[in-house]
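Colleague: My structure is in query.txt, and what it holds is compact mmCIF, C-alpha atoms and all ligand atoms:
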# COMPACT_ATOMS: atom_id res chain seq x y z
CA MET E 1400 127.99 85.27 117.41
CA GLU E 1401 128.11 82.10 119.50
CA TYR E 1402 125.02 80.68 117.80
CA PHE E 1403 126.60 81.22 114.36
CA SER E 1404 129.90 79.59 115.33
CA ASN E 1405 128.25 76.57 116.89
CA ARG E 1406 125.29 75.85 114.65
CA ARG E 1407 125.03 72.48 112.89
CA THR E 1408 122.63 70.83 110.51
CA ILE E 1409 120.32 68.39 112.32
CA ARG E 1410 119.12 65.29 110.49
CA ASN E 1411 117.58 63.31 113.37
CA TYR E 1412 114.46 64.61 115.07
CA LYS E 1413 112.43 63.69 118.15
CA PRO E 1414 108.92 62.35 117.46
CA GLU E 1415 107.45 65.41 119.24
CA LYS E 1416 105.77 67.77 116.77
CA VAL E 1417 106.58 71.46 116.54
CA SER E 1418 103.45 73.56 117.10
CA ASP E 1419 101.89 75.15 114.04
CA SER E 1420 101.90 78.46 115.88
CA LEU E 1421 105.70 78.32 116.31
CA ILE E 1422 106.14 77.44 112.62
CA ASP E 1423 103.86 80.33 111.68
CA SER E 1424 105.67 82.80 113.88
CA ILE E 1425 109.04 81.70 112.44
CA ILE E 1426 107.71 82.23 108.92
CA GLU E 1427 106.20 85.58 109.83
CA SER E 1428 109.47 86.81 111.38
CA ALA E 1429 111.49 85.47 108.44
CA ALA E 1430 109.33 87.53 106.10
CA LYS E 1431 111.08 90.61 107.53
CA ALA E 1432 114.16 89.49 105.57
CA PRO E 1433 115.32 91.85 102.81
CA THR E 1434 113.45 91.25 99.56
CA CYS E 1435 113.87 92.52 96.00
CA GLY E 1436 111.97 95.84 95.75
CA ASN E 1437 109.92 94.64 98.73
CA MET E 1438 107.99 92.45 96.26
CA GLN E 1439 108.34 89.31 98.44
CA LEU E 1440 108.84 87.01 95.46
CA TYR E 1441 108.55 83.85 97.56
CA SER E 1442 106.12 81.52 99.27
CA VAL E 1443 106.48 78.47 101.46
CA VAL E 1444 104.46 75.26 101.33
CA VAL E 1445 104.28 73.57 104.73
CA THR E 1446 103.90 69.79 104.78
CA LYS E 1447 103.18 68.21 108.15
CA ASP E 1448 100.81 65.30 107.45
CA ASP E 1449 102.14 61.78 106.89
CA ALA E 1450 100.54 61.43 103.45
CA GLY E 1451 102.13 64.65 102.22
CA LYS E 1452 105.54 63.62 103.53
CA LYS E 1453 105.18 60.14 102.00
CA ALA E 1454 104.49 61.73 98.63
CA LEU E 1455 107.56 63.99 98.93
CA ALA E 1456 109.99 61.36 100.28
CA PRO E 1457 110.86 59.57 97.00
CA LEU E 1458 111.22 62.94 95.24
CA HIS E 1459 113.97 63.68 97.78
CA PHE E 1460 115.57 60.26 97.10
CA ASN E 1461 114.06 58.94 100.35
CA GLN E 1462 116.31 61.01 102.56
CA PRO E 1463 115.00 60.00 106.00
CA MET E 1464 114.67 63.58 107.26
CA ILE E 1465 111.46 64.05 105.24
CA GLU E 1466 109.47 61.42 107.10
CA GLY E 1467 111.42 61.85 110.34
CA CYS E 1468 110.87 65.58 110.80
CA SER E 1469 107.96 67.52 112.19
CA HIS E 1470 107.41 69.93 109.28
CA VAL E 1471 108.79 70.00 105.73
CA LEU E 1472 109.07 73.53 104.37
CA THR E 1473 109.33 73.91 100.61
CA ILE E 1474 110.35 77.47 99.86
CA CYS E 1475 109.48 78.67 96.38
CA ALA E 1476 110.56 81.43 94.05
CA ASP E 1477 107.09 82.83 93.44
CA TYR E 1478 106.20 85.35 90.76
CA ASN E 1479 102.66 83.98 90.45
CA ARG E 1480 101.05 86.13 93.13
CA PHE E 1481 102.81 89.31 91.98
CA ALA E 1482 102.10 88.68 88.27
CA ARG E 1483 98.43 88.07 88.96
CA TRP E 1484 98.27 91.26 91.01
CA CYS E 1485 99.72 93.11 88.01
CA GLU E 1486 97.18 91.45 85.70
CA VAL E 1487 94.18 92.39 87.83
CA SER E 1488 95.69 95.87 88.03
CA HIS E 1489 95.84 96.08 84.19
CA THR E 1490 99.61 96.09 83.85
CA ASP E 1491 102.23 93.74 82.41
CA PRO E 1492 104.39 92.08 85.11
CA GLY E 1493 107.13 91.47 82.51
CA CYS E 1494 108.47 88.58 84.54
CA ASP E 1495 108.70 85.76 81.96
CA ASN E 1496 112.50 85.97 81.80
CA ILE E 1497 115.61 84.70 83.56
CA LEU E 1498 116.31 87.94 85.46
CA SER E 1499 112.91 87.72 87.14
CA PHE E 1500 113.57 84.10 88.06
CA ILE E 1501 116.95 85.09 89.55
CA ASN E 1502 115.31 87.85 91.58
CA ALA E 1503 112.61 85.49 92.87
CA MET E 1504 115.14 82.73 93.55
CA THR E 1505 117.36 85.14 95.49
CA ASP E 1506 114.37 86.34 97.52
CA ALA E 1507 113.34 82.76 98.26
CA VAL E 1508 116.83 81.68 99.33
CA ILE E 1509 117.26 84.66 101.66
CA PHE E 1510 113.81 83.95 103.12
CA ALA E 1511 114.71 80.26 103.53
CA GLN E 1512 117.92 81.03 105.39
CA GLN E 1513 116.07 83.46 107.63
CA ILE E 1514 113.60 80.66 108.46
CA VAL E 1515 116.52 78.34 109.26
CA THR E 1516 118.25 80.91 111.50
CA ILE E 1517 115.10 81.81 113.42
CA ALA E 1518 114.08 78.13 113.78
CA GLU E 1519 117.52 77.19 115.09
CA MET E 1520 117.58 80.16 117.47
CA ASN E 1521 114.28 78.82 118.83
CA GLY E 1522 115.86 75.45 119.67
CA LEU E 1523 114.74 73.61 116.54
CA GLY E 1524 116.93 71.53 114.23
CA THR E 1525 116.89 72.02 110.48
CA CYS E 1526 118.30 70.45 107.34
CA TYR E 1527 118.27 71.77 103.78
CA LEU E 1528 117.54 69.20 101.09
CA GLY E 1529 119.25 70.13 97.84
CA THR E 1530 117.25 67.38 96.15
CA VAL E 1531 114.52 70.00 95.73
CA SER E 1532 116.31 71.17 92.57
CA TYR E 1533 116.87 67.67 91.20
CA ASN E 1534 113.19 66.82 91.06
CA ALA E 1535 111.74 70.33 90.98
CA ALA E 1536 109.05 69.51 88.40
CA GLN E 1537 107.79 66.45 90.28
CA ILE E 1538 107.85 68.31 93.60
CA ALA E 1539 105.90 71.15 91.97
CA GLU E 1540 103.31 68.61 90.82
CA ALA E 1541 103.02 67.03 94.27
CA LEU E 1542 102.56 70.48 95.85
CA ARG E 1543 100.34 71.72 92.99
CA LEU E 1544 102.54 74.72 92.31
CA PRO E 1545 101.11 76.93 89.56
CA GLU E 1546 103.00 78.65 86.72
CA MET E 1547 105.69 81.14 87.79
CA VAL E 1548 106.40 79.17 90.98
CA ILE E 1549 109.60 77.13 91.35
CA PRO E 1550 110.62 75.24 94.51
CA VAL E 1551 114.16 76.38 95.31
CA ALA E 1552 114.79 75.27 98.89
CA CYS E 1553 113.49 72.51 101.09
CA VAL E 1554 114.07 72.60 104.83
CA THR E 1555 113.11 69.90 107.32
CA VAL E 1556 112.34 71.15 110.82
CA GLY E 1557 111.92 69.37 114.15
CA TYR E 1558 113.19 69.05 117.69
CA PRO E 1559 116.79 67.78 117.55
CA ASP E 1560 117.39 64.18 118.58
CA ASP E 1561 121.17 64.57 118.44
CA LYS E 1562 123.78 67.30 118.28
CA GLY E 1563 124.49 66.92 114.58
CA GLU E 1564 127.89 66.34 113.05
CA GLU E 1565 130.82 68.69 113.41
CA THR E 1566 131.86 70.07 110.01
CA GLU E 1567 134.88 72.02 108.90
CA ARG E 1568 135.08 75.20 106.83
CA LEU E 1569 137.65 76.77 104.54
CA GLY E 1570 139.73 79.50 106.21
CA LEU E 1571 139.11 83.21 105.77
CA ASP E 1572 141.92 83.35 103.19
CA ALA E 1573 139.87 81.19 100.83
CA ILE E 1574 136.68 83.21 100.97
CA ARG E 1575 137.64 86.87 101.59
CA PHE E 1576 139.72 88.89 99.13
CA ASP E 1577 140.92 92.46 99.43
CA GLY E 1578 139.63 94.77 96.70
CA THR E 1579 139.95 92.45 93.73
CA TYR E 1580 139.95 88.71 93.16
CA PRO E 1581 143.58 87.52 93.30
CA GLU E 1582 145.29 85.24 90.80
CA LEU E 1583 145.57 81.93 92.62
CA THR E 1584 148.40 79.60 91.70
CA ASP E 1585 147.99 75.83 91.88
CA ASP E 1586 149.97 75.91 95.12
CA ASP E 1587 147.67 78.60 96.55
CA ILE E 1588 144.69 76.37 95.78
CA ARG E 1589 146.37 73.38 97.42
CA ASP E 1590 147.11 75.51 100.50
CA LEU E 1591 143.53 76.73 100.76
CA TYR E 1592 142.23 73.14 100.80
CA ARG E 1593 145.07 71.61 102.86
CA GLU E 1594 143.27 71.72 106.22
CA LYS E 1595 140.06 70.35 104.74
CA GLU E 1596 141.96 67.46 103.19
CA ALA E 1597 143.77 66.74 106.47
CA TYR E 1598 140.49 66.72 108.45
CA GLU E 1599 140.12 63.13 109.73
CA PRO E 1600 136.45 62.55 108.72
CA ASN E 1601 137.31 63.74 105.20
CA LYS E 1602 140.30 61.40 105.00
CA LYS E 1603 138.02 58.54 106.02
CA TYR E 1604 135.49 59.65 103.42
CA VAL E 1605 138.14 59.49 100.66
CA GLU E 1606 139.16 56.00 101.78
CA GLU E 1607 135.57 54.72 101.99
CA ASN E 1608 134.92 55.89 98.44
CA GLY E 1609 138.11 54.34 97.10
CA LYS E 1610 139.35 57.66 95.69
CA ASP E 1611 142.77 59.34 95.73
CA ASN E 1612 141.64 62.66 97.18
CA LEU E 1613 138.68 64.67 98.44
CA ALA E 1614 138.10 66.61 95.23
CA GLN E 1615 137.56 63.29 93.42
CA VAL E 1616 134.89 62.30 95.92
CA PHE E 1617 133.01 65.52 95.22
CA ALA E 1618 133.47 65.53 91.45
CA GLU E 1619 133.14 61.80 90.75
CA VAL E 1620 130.88 60.45 93.50
CA ARG E 1621 128.72 63.17 95.02
CA TYR E 1622 128.23 65.61 92.15
CA PRO E 1623 129.34 63.85 88.94
CA ARG E 1624 129.14 65.67 85.61
CA ALA E 1625 126.55 63.31 84.11
CA MET E 1626 124.19 63.85 87.02
CA ASN E 1627 124.72 67.63 87.01
CA GLU E 1628 123.97 67.73 83.29
CA GLU E 1629 120.91 65.48 83.47
CA PHE E 1630 119.26 67.50 86.25
CA SER E 1631 120.25 70.81 84.62
CA ALA E 1632 118.43 69.77 81.45
CA SER E 1633 115.25 68.84 83.34
CA PHE E 1634 115.42 72.08 85.38
CA ILE E 1635 115.64 74.15 82.19
CA GLU E 1636 112.58 72.32 80.79
CA PHE E 1637 110.74 73.04 84.05
CA LEU E 1638 111.68 76.76 83.88
CA LYS E 1639 110.11 76.79 80.40
CA LYS E 1640 106.96 75.00 81.64
CA GLN E 1641 106.60 77.51 84.48
CA ARG E 1642 107.00 80.30 81.88
CA PHE E 1643 110.21 81.86 83.19
CA LEU E 1644 111.98 80.93 79.93
C1 LIG E 1701 121.73 74.07 99.27
C2 LIG E 1701 121.95 72.99 100.30
C3 LIG E 1701 121.60 71.70 100.02
C4 LIG E 1701 121.76 70.69 100.98
N1 LIG E 1701 121.30 69.44 100.71
C5 LIG E 1701 121.40 68.48 101.65
C6 LIG E 1701 120.83 67.21 101.42
O1 LIG E 1701 120.20 66.96 100.38
N2 LIG E 1701 120.97 66.28 102.39
C7 LIG E 1701 121.61 66.53 103.57
O2 LIG E 1701 121.70 65.61 104.42
N3 LIG E 1701 122.16 67.74 103.83
C8 LIG E 1701 122.05 68.72 102.90
N4 LIG E 1701 122.55 69.98 103.15
C9 LIG E 1701 123.24 70.26 104.42
C10 LIG E 1701 124.75 70.33 104.20
O3 LIG E 1701 125.24 69.02 103.98
C11 LIG E 1701 125.42 70.99 105.42
O4 LIG E 1701 124.95 72.30 105.56
C12 LIG E 1701 126.94 71.00 105.26
O5 LIG E 1701 127.45 69.70 105.23
C13 LIG E 1701 127.61 71.75 106.42
O6 LIG E 1701 127.18 71.20 107.65
P1 LIG E 1701 126.57 72.13 108.79
O7 LIG E 1701 125.33 72.81 108.23
O8 LIG E 1701 126.24 71.20 109.93
O9 LIG E 1701 127.62 73.12 109.15
C14 LIG E 1701 122.38 71.00 102.22
C15 LIG E 1701 122.73 72.33 102.50
C16 LIG E 1701 122.52 73.31 101.56
C17 LIG E 1701 122.86 74.74 101.91
Now that the file is in, can you turn its structure into structure tokens?
Ligand SMILES: Cc1cc2nc3c(=O)[nH]c(=O)nc-3n(C[C@H](O)[C@H](O)[C@H](O)COP(=O)(O)O)c2cc1C
Modeller:
Amino acid sequence: MEYFSNRRTIRNYKPEKVSDSLIDSIIESAAKAPTCGNMQLYSVVVTKDDAGKKALAPLHFNQPMIEGCSHVLTICADYNRFARWCEVSHTDPGCDNILSFINAMTDAVIFAQQIVTIAEMNGLGTCYLGTVSYNAAQIAEALRLPEMVIPVACVTVGYPDDKGEETERLGLDAIRFDGTYPELTDDDIRDLYREKEAYEPNKKYVEENGKDNLAQVFAEVRYPRAMNEEFSASFIEFLKKQRFL
């Protein structure tokens, strides 16, 4: 349990490269994660060369972890392999629909988190890059992903060069409910977020962004409606192009 309580995202990495054999063994162990019907609806594209990272960097809004890490892992919801197996076996995979995408996405995310846990337990640092969903189509092009393959998680991996930043979490009351989901009053909601709002780094964050409270920083600065809607529209187009919709 100690690992889980103490883990942190690592964004700065030593120049030392992680061996390919360690990366492979992490991936192989992670593949023992639960998977929908044991279909393993995922794959991972490993990028370790400078040219590959350079191509990916702008698609992740030049977050420095891409070029600073040892290996970039792009984990994909992948129905391509399974669908082709069905085709060569003279049967219809029936996977050009949203349920199949959800199943593959769930598989891929579980697989990704298993990679992260095993990598961290082996002394490596990792960071997810949510930007993978913002520029999914362009990332797919850079990685030459075929139809029925969608990148859903990107994880940078390397030897940690610092201890990462301490982060806070909501209390158990906010995330665990007994039996049914309770009706939460406005005051309940305020209570659940009170500690988070009182956390010094968050107070500083609100001040730096010139906002009145933390929720405004999230809703107006980090994840504004216009941006959410713009990238949702392009993701839907990409799902159509990849033949899930
Ligand atoms: C889906 C997802 C997307 C994320 N995207 C980014 C990102 O683009 N850049 C980044 O620096 N961290 C990213 N993170 C890391 C989170 O910021 C981090 O997990 C969170 O702040 C909690 O910190 P901790 O992991 O150290 O506990 C992402 C994490 C997840 C799960």
Colleague: Counting all atoms listed in the file, which protein, DNA or RNA residues come within 7 Å of ligand LIG 1701 (chain E), given as a CSV table (one decimal) with C-alpha atoms, keeping the file's coordinate frame?
Modeller:
chain,number,residue,atom,x,y,z
E,1406,ARG,CA,125.3,75.8,114.6
E,1407,ARG,CA,125.0,72.5,112.9
E,1408,THR,CA,122.6,70.8,110.5
E,1409,ILE,CA,120.3,68.4,112.3
E,1410,ARG,CA,119.1,65.3,110.5
E,1526,CYS,CA,118.3,70.4,107.3
E,1527,TYR,CA,118.3,71.8,103.8
E,1528,LEU,CA,117.5,69.2,101.1
E,1529,GLY,CA,119.2,70.1,97.8
E,1530,THR,CA,117.2,67.4,96.2
E,1563,GLY,CA,124.5,66.9,114.6
E,1564,GLU,CA,127.9,66.3,113.0
E,1565,GLU,CA,130.8,68.7,113.4
E,1566,THR,CA,131.9,70.1,110.0
Colleague: Within 7 Å of segment 1423-1425 of chain E, counting all atoms listed in the file, which residues qualify if same-chain residues fewer than 2 places away don't, as a CSV table (one decimal) with C-alpha atoms, in the coordinates of the input?
Modeller:
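Dumped to around_21.csv:
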chain,number,residue,atom,x,y,z
E,1419,ASP,CA,101.9,75.2,114.0
E,1420,SER,CA,101.9,78.5,115.9
E,1421,LEU,CA,105.7,78.3,116.3
E,1427,GLU,CA,106.2,85.6,109.8
E,1428,SER,CA,109.5,86.8,111.4
E,1429,ALA,CA,111.5,85.5,108.4
E,1514,ILE,CA,113.6,80.7,108.5
E,1517,ILE,CA,115.1,81.8,113.4
E,1518,ALA,CA,114.1,78.1,113.8
Colleague: Anything within 12 Å of (118.0, 81.8, 98.7): list those residues as a VMD selection string, counting only C-alpha atoms and sticking to the file's coordinates.
Modeller: chain E and resid 1432 to 1435 1440 to 1442 1473 to 1476 1500 to 1515 1527 1529 1550 to 1554
Colleague: Out of E:Phe1481, E:Phe1643, E:Phe1617, E:Tyr1622, which residue has the shortest atom-to-atom distance to Asp1495 of chain E when counting only C-alpha atoms?
Modeller: E:Phe1643
Colleague: Could you please give me, as a list of chain:residue names, the residues of protein, DNA or RNA lying at most 10 Å from (120.3, 66.4, 94.9) in the coordinate frame of the file, considering only C-alpha atoms?
Modeller: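 The residues that fall inside the cut-off are E:Leu1458, E:His1459, E:Phe1460, E:Leu1528, E:Gly1529, E:Thr1530, E:Val1531, E:Ser1532, E:Tyr1533, E:Asn1534, E:Arg1621, E:Tyr1622, E:Met1626, E:Asn1627, E:Phe1630.
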Colleague: If I take atom CA of Tyr1598 of chain E and atom CA of Phe1576 of chain E, how far is one from the other in Å, to one decimal?
Modeller: 24.1 Å
Colleague: Quick one: of E:Val1445, E:Ala1450, E:Leu1638, E:Val1487, who's nearest to Thr1555 of chain E, counting only C-alpha atoms?
Modeller: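 With only C-alpha atoms as the atom set, the closest residue is E:Val1445.
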Colleague: Would you fill the gaps in segment 1420-1449 of chain E so it has N, CA and C atoms, then print it as a PDB file, keeping the file's coordinate frame?
Modeller:
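As written to disk, rebuild39.pdb reads:
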ATOM      1  N   SER E1420     101.769  77.030 115.574  1.00  0.00           N
ATOM      2  CA  SER E1420     101.900  78.460 115.880  1.00  0.00           C
ATOM      3  C   SER E1420     103.381  78.874 115.887  1.00  0.00           C
ATOM      4  N   LEU E1421     104.271  77.974 116.354  1.00  0.00           N
ATOM      5  CA  LEU E1421     105.700  78.320 116.310  1.00  0.00           C
ATOM      6  C   LEU E1421     106.176  78.386 114.855  1.00  0.00           C
ATOM      7  N   ILE E1422     105.755  77.414 114.047  1.00  0.00           N
ATOM      8  CA  ILE E1422     106.140  77.440 112.620  1.00  0.00           C
ATOM      9  C   ILE E1422     105.652  78.743 111.982  1.00  0.00           C
ATOM     10  N   ASP E1423     104.407  79.103 112.274  1.00  0.00           N
ATOM     11  CA  ASP E1423     103.860  80.330 111.680  1.00  0.00           C
ATOM     12  C   ASP E1423     104.621  81.566 112.142  1.00  0.00           C
ATOM     13  N   SER E1424     104.984  81.588 113.415  1.00  0.00           N
ATOM     14  CA  SER E1424     105.670  82.800 113.880  1.00  0.00           C
ATOM     15  C   SER E1424     107.082  82.868 113.314  1.00  0.00           C
ATOM     16  N   ILE E1425     107.717  81.708 113.090  1.00  0.00           N
ATOM     17  CA  ILE E1425     109.040  81.700 112.440  1.00  0.00           C
ATOM     18  C   ILE E1425     108.914  82.260 111.017  1.00  0.00           C
ATOM     19  N   ILE E1426     107.900  81.784 110.308  1.00  0.00           N
ATOM     20  CA  ILE E1426     107.710  82.230 108.920  1.00  0.00           C
ATOM     21  C   ILE E1426     107.405  83.735 108.875  1.00  0.00           C
ATOM     22  N   GLU E1427     106.573  84.158 109.799  1.00  0.00           N
ATOM     23  CA  GLU E1427     106.200  85.580 109.830  1.00  0.00           C
ATOM     24  C   GLU E1427     107.424  86.453 110.124  1.00  0.00           C
ATOM     25  N   SER E1428     108.263  86.028 111.068  1.00  0.00           N
ATOM     26  CA  SER E1428     109.470  86.810 111.380  1.00  0.00           C
ATOM     27  C   SER E1428     110.441  86.775 110.206  1.00  0.00           C
ATOM     28  N   ALA E1429     110.557  85.603 109.565  1.00  0.00           N
ATOM     29  CA  ALA E1429     111.490  85.470 108.440  1.00  0.00           C
ATOM     30  C   ALA E1429     111.092  86.374 107.276  1.00  0.00           C
ATOM     31  N   ALA E1430     109.814  86.673 107.190  1.00  0.00           N
ATOM     32  CA  ALA E1430     109.330  87.530 106.100  1.00  0.00           C
ATOM     33  C   ALA E1430     109.811  88.975 106.257  1.00  0.00           C
ATOM     34  N   LYS E1431     110.457  89.289 107.382  1.00  0.00           N
ATOM     35  CA  LYS E1431     111.080  90.610 107.530  1.00  0.00           C
ATOM     36  C   LYS E1431     112.454  90.649 106.872  1.00  0.00           C
ATOM     37  N   ALA E1432     112.884  89.535 106.293  1.00  0.00           N
ATOM     38  CA  ALA E1432     114.160  89.490 105.570  1.00  0.00           C
ATOM     39  C   ALA E1432     114.125  90.492 104.411  1.00  0.00           C
ATOM     40  N   PRO E1433     115.299  90.980 104.000  1.00  0.00           N
ATOM     41  CA  PRO E1433     115.320  91.850 102.810  1.00  0.00           C
ATOM     42  C   PRO E1433     114.726  91.116 101.609  1.00  0.00           C
ATOM     43  N   THR E1434     114.066  91.847 100.747  1.00  0.00           N
ATOM     44  CA  THR E1434     113.450  91.250  99.560  1.00  0.00           C
ATOM     45  C   THR E1434     113.496  92.243  98.399  1.00  0.00           C
ATOM     46  N   CYS E1435     113.705  91.710  97.210  1.00  0.00           N
ATOM     47  CA  CYS E1435     113.870  92.520  96.000  1.00  0.00           C
ATOM     48  C   CYS E1435     112.701  93.515  95.836  1.00  0.00           C
ATOM     49  N   GLY E1436     112.999  94.802  95.938  1.00  0.00           N
ATOM     50  CA  GLY E1436     111.970  95.840  95.750  1.00  0.00           C
ATOM     51  C   GLY E1436     110.801  95.697  96.705  1.00  0.00           C
ATOM     52  N   ASN E1437     110.998  94.974  97.771  1.00  0.00           N
ATOM     53  CA  ASN E1437     109.920  94.640  98.730  1.00  0.00           C
ATOM     54  C   ASN E1437     108.751  93.930  98.052  1.00  0.00           C
ATOM     55  N   MET E1438     109.059  93.163  96.981  1.00  0.00           N
ATOM     56  CA  MET E1438     107.990  92.450  96.260  1.00  0.00           C
ATOM     57  C   MET E1438     107.661  91.105  96.908  1.00  0.00           C
ATOM     58  N   GLN E1439     108.547  90.612  97.773  1.00  0.00           N
ATOM     59  CA  GLN E1439     108.340  89.310  98.440  1.00  0.00           C
ATOM     60  C   GLN E1439     108.026  88.216  97.403  1.00  0.00           C
ATOM     61  N   LEU E1440     109.044  87.957  96.572  1.00  0.00           N
ATOM     62  CA  LEU E1440     108.840  87.010  95.460  1.00  0.00           C
ATOM     63  C   LEU E1440     109.076  85.570  95.940  1.00  0.00           C
ATOM     64  N   TYR E1441     108.380  85.191  96.993  1.00  0.00           N
ATOM     65  CA  TYR E1441     108.550  83.850  97.560  1.00  0.00           C
ATOM     66  C   TYR E1441     107.252  83.396  98.207  1.00  0.00           C
ATOM     67  N   SER E1442     107.166  82.088  98.419  1.00  0.00           N
ATOM     68  CA  SER E1442     106.120  81.520  99.270  1.00  0.00           C
ATOM     69  C   SER E1442     106.682  80.230  99.850  1.00  0.00           C
ATOM     70  N   VAL E1443     105.996  79.708 100.855  1.00  0.00           N
ATOM     71  CA  VAL E1443     106.480  78.470 101.460  1.00  0.00           C
ATOM     72  C   VAL E1443     105.303  77.505 101.628  1.00  0.00           C
ATOM     73  N   VAL E1444     105.492  76.294 101.156  1.00  0.00           N
ATOM     74  CA  VAL E1444     104.460  75.260 101.330  1.00  0.00           C
ATOM     75  C   VAL E1444     104.876  74.397 102.512  1.00  0.00           C
ATOM     76  N   VAL E1445     103.987  74.318 103.496  1.00  0.00           N
ATOM     77  CA  VAL E1445     104.280  73.570 104.730  1.00  0.00           C
ATOM     78  C   VAL E1445     103.632  72.200 104.633  1.00  0.00           C
ATOM     79  N   THR E1446     104.430  71.160 104.812  1.00  0.00           N
ATOM     80  CA  THR E1446     103.900  69.790 104.780  1.00  0.00           C
ATOM     81  C   THR E1446     104.109  69.173 106.150  1.00  0.00           C
ATOM     82  N   LYS E1447     103.016  68.800 106.809  1.00  0.00           N
ATOM     83  CA  LYS E1447     103.180  68.210 108.150  1.00  0.00           C
ATOM     84  C   LYS E1447     102.461  66.871 108.265  1.00  0.00           C
ATOM     85  N   ASP E1448     101.551  66.563 107.341  1.00  0.00           N
ATOM     86  CA  ASP E1448     100.810  65.300 107.450  1.00  0.00           C
ATOM     87  C   ASP E1448     101.623  64.160 106.830  1.00  0.00           C
ATOM     88  N   ASP E1449     101.363  62.939 107.338  1.00  0.00           N
ATOM     89  CA  ASP E1449     102.140  61.780 106.890  1.00  0.00           C
ATOM     90  C   ASP E1449     101.994  61.537 105.387  1.00  0.00           C
TER      91      ASP E1449
END
